[in-house]
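Quick notes on the structure that follows.
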Amino acid sequence: MDLAGKVIDDDASSSSPSSSPLSQWRYAVSRRYQHLLDKSTPHVLHRWISLSIVAFVYALRVYLLQGYYIITYGLGIYLLQLFILFVSPQVDPEIQELADGPSLPSRGSDEFRPFVRRLPEFKFWYSITKAFCVALVLTFFSAFDVPVFWPILLFYWVVLVVSTMKRQIMHMLRYKYVPFSFGKQRYSGKKVTSTDDADVVTPQRLHVESTA
């Protein structure tokens, strides 16, 4: 829950209570907002479902208006930058290797070090949500509806995504790290007996049950 508190630490510190009623109201709102963020931190699935709804509303509005492609293009570039930060390690292995040697294990005998993201999951979700909300608000102002041939913007964005992801994947392969936990083996520190093992009838168990 510390991540949610850190997201708006600057806002909360600048909204400290004072004698002004407006300042007191702003401080109360910021505290309430931070409390809601803290409560939403463990609910990962619900947070991403709500983000999907906001993204769907934005996409539907852009589709119905047939405009605001510049905003969508800028939003796409910003989301790509956030994703790169999300899948990147907190300390660049290339810089760490030049300074102190390899920072990530490359052999089975190396010490295991958990993957620490440069952009944590909560801040990743929070930044995307704010970006979609800001973009949705901008669609209510006709000044941002700049006429443009959207296939060109889409082509530029696809080229940017392919080149950026290719460079990121090559970086992952070179320094042998995986930013996702899907399929990774987890160790709990002790062997946990499964229910299937408990139901297996061994000769020793059969002997004990018969004597009892």
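By order in the structure tokens, chains are A, B, ...; within a chain, residues start at 1; ligands start at 1, following the order shown.
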Residue contacts of Phe180 of chain A (12 Å, only C-alpha atoms) excluding same-chain residues fewer than 5 positions away, as a list in words |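 Counting only the stated atoms, we get Phe86, Val87, Ser88, Pro89, Pro114, Phe115, Val116, Arg117, Glu121, Met172 and Gln185 of chain A.
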Exercise: Leu79 of chain A partners within 10 Å, only C-alpha atoms, chain neighbours under 5 positions left out, as number ranges by chain = A: 73-74, 84-85, 124, 127-128, 131-132
Near-Ile70 of chain A list (10 Å; only C-alpha atoms; drop same-chain fewer than 5 positions) as a PyMOL selection string = chain A and resi 75-76+144-150+153
Take the selection from the previous step and output its residues with N, CA and C atoms, as an mmCIF file, in the first residue's frame.
```cif
data_model
loop_
_atom_site.group_PDB
_atom_site.id
_atom_site.type_symbol
_atom_site.label_atom_id
_atom_site.label_comp_id
_atom_site.auth_asym_id
_atom_site.auth_seq_id
_atom_site.Cartn_x
_atom_site.Cartn_y
_atom_site.Cartn_z
ATOM 1 N N LEU A 75 -1.552 9.491 -26.959
ATOM 2 C CA LEU A 75 -1.859 8.532 -25.897
ATOM 3 C C LEU A 75 -1.158 7.204 -26.145
ATOM 4 N N GLY A 76 -1.140 6.762 -27.401
ATOM 5 C CA GLY A 76 -0.475 5.501 -27.715
ATOM 6 C C GLY A 76 1.022 5.545 -27.458
ATOM 7 N N PHE A 144 -8.819 20.471 -30.018
ATOM 8 C CA PHE A 144 -7.871 19.359 -30.117
ATOM 9 C C PHE A 144 -8.227 18.398 -31.251
ATOM 10 N N ASP A 145 -9.308 18.663 -31.955
ATOM 11 C CA ASP A 145 -9.695 17.803 -33.077
ATOM 12 C C ASP A 145 -9.017 18.303 -34.340
ATOM 13 N N VAL A 146 -7.743 17.993 -34.473
ATOM 14 C CA VAL A 146 -6.946 18.435 -35.620
ATOM 15 C C VAL A 146 -7.148 17.450 -36.767
ATOM 16 N N PRO A 147 -7.557 17.931 -37.944
ATOM 17 C CA PRO A 147 -7.738 17.012 -39.071
ATOM 18 C C PRO A 147 -6.412 16.397 -39.509
ATOM 19 N N VAL A 148 -6.412 15.085 -39.624
ATOM 20 C CA VAL A 148 -5.196 14.371 -39.983
ATOM 21 C C VAL A 148 -5.601 13.047 -40.627
ATOM 22 N N PHE A 149 -4.736 12.548 -41.489
ATOM 23 C CA PHE A 149 -4.964 11.251 -42.131
ATOM 24 C C PHE A 149 -4.514 10.164 -41.168
ATOM 25 N N TRP A 150 -5.472 9.539 -40.474
ATOM 26 C CA TRP A 150 -5.139 8.655 -39.363
ATOM 27 C C TRP A 150 -4.355 7.406 -39.764
ATOM 28 N N LEU A 153 -0.703 8.053 -39.066
ATOM 29 C CA LEU A 153 -0.375 8.007 -37.645
ATOM 30 C C LEU A 153 -0.340 6.571 -37.136
#
```
Looking at A:Val161, A:Ile152, A:Leu36, A:Ala143, which one is nearest to Phe83 of chain A, with distances taken over only C-alpha atoms?
->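 Using only C-alpha atoms, Phe83 of chain A sits closest to A:Val161.
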Determine which residues of segment 61-174 of chain A receive a DSSP assignment of helix (DSSP H, G or I), computed from the backbone, and state them as a count of residues only.
-> 78
Contact residues around segment 55-64 of chain A with only C-alpha atoms at 9 Å, ignoring same-chain residues under 5 positions, as a PyMOL selection string | chain A and resi 50+69+72+129+132-133+135-136+139
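Across the structure, atom CA of His46 of chain A and atom CA of Ala28 of chain A are spaced 25.4 Å apart.
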So how far away is atom CA of Val54 of chain A from atom CA of Leu138 of chain A, in Å?
->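 About the pair atom CA of Leu138 of chain A and atom CA of Val54 of chain A: they are 14.1 Å apart.
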Which one is closest to Leu37 of chain A: A:Trp25, A:Trp125, A:Tyr175, A:Phe140? Count only C-alpha atoms.
->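 Ranked by minimum distance to Leu37 of chain A, first place goes to A:Trp125.
Straight-line separation from atom CA of Ser52 of chain A to atom CA of Gln168 of chain A: 25.2 Å.
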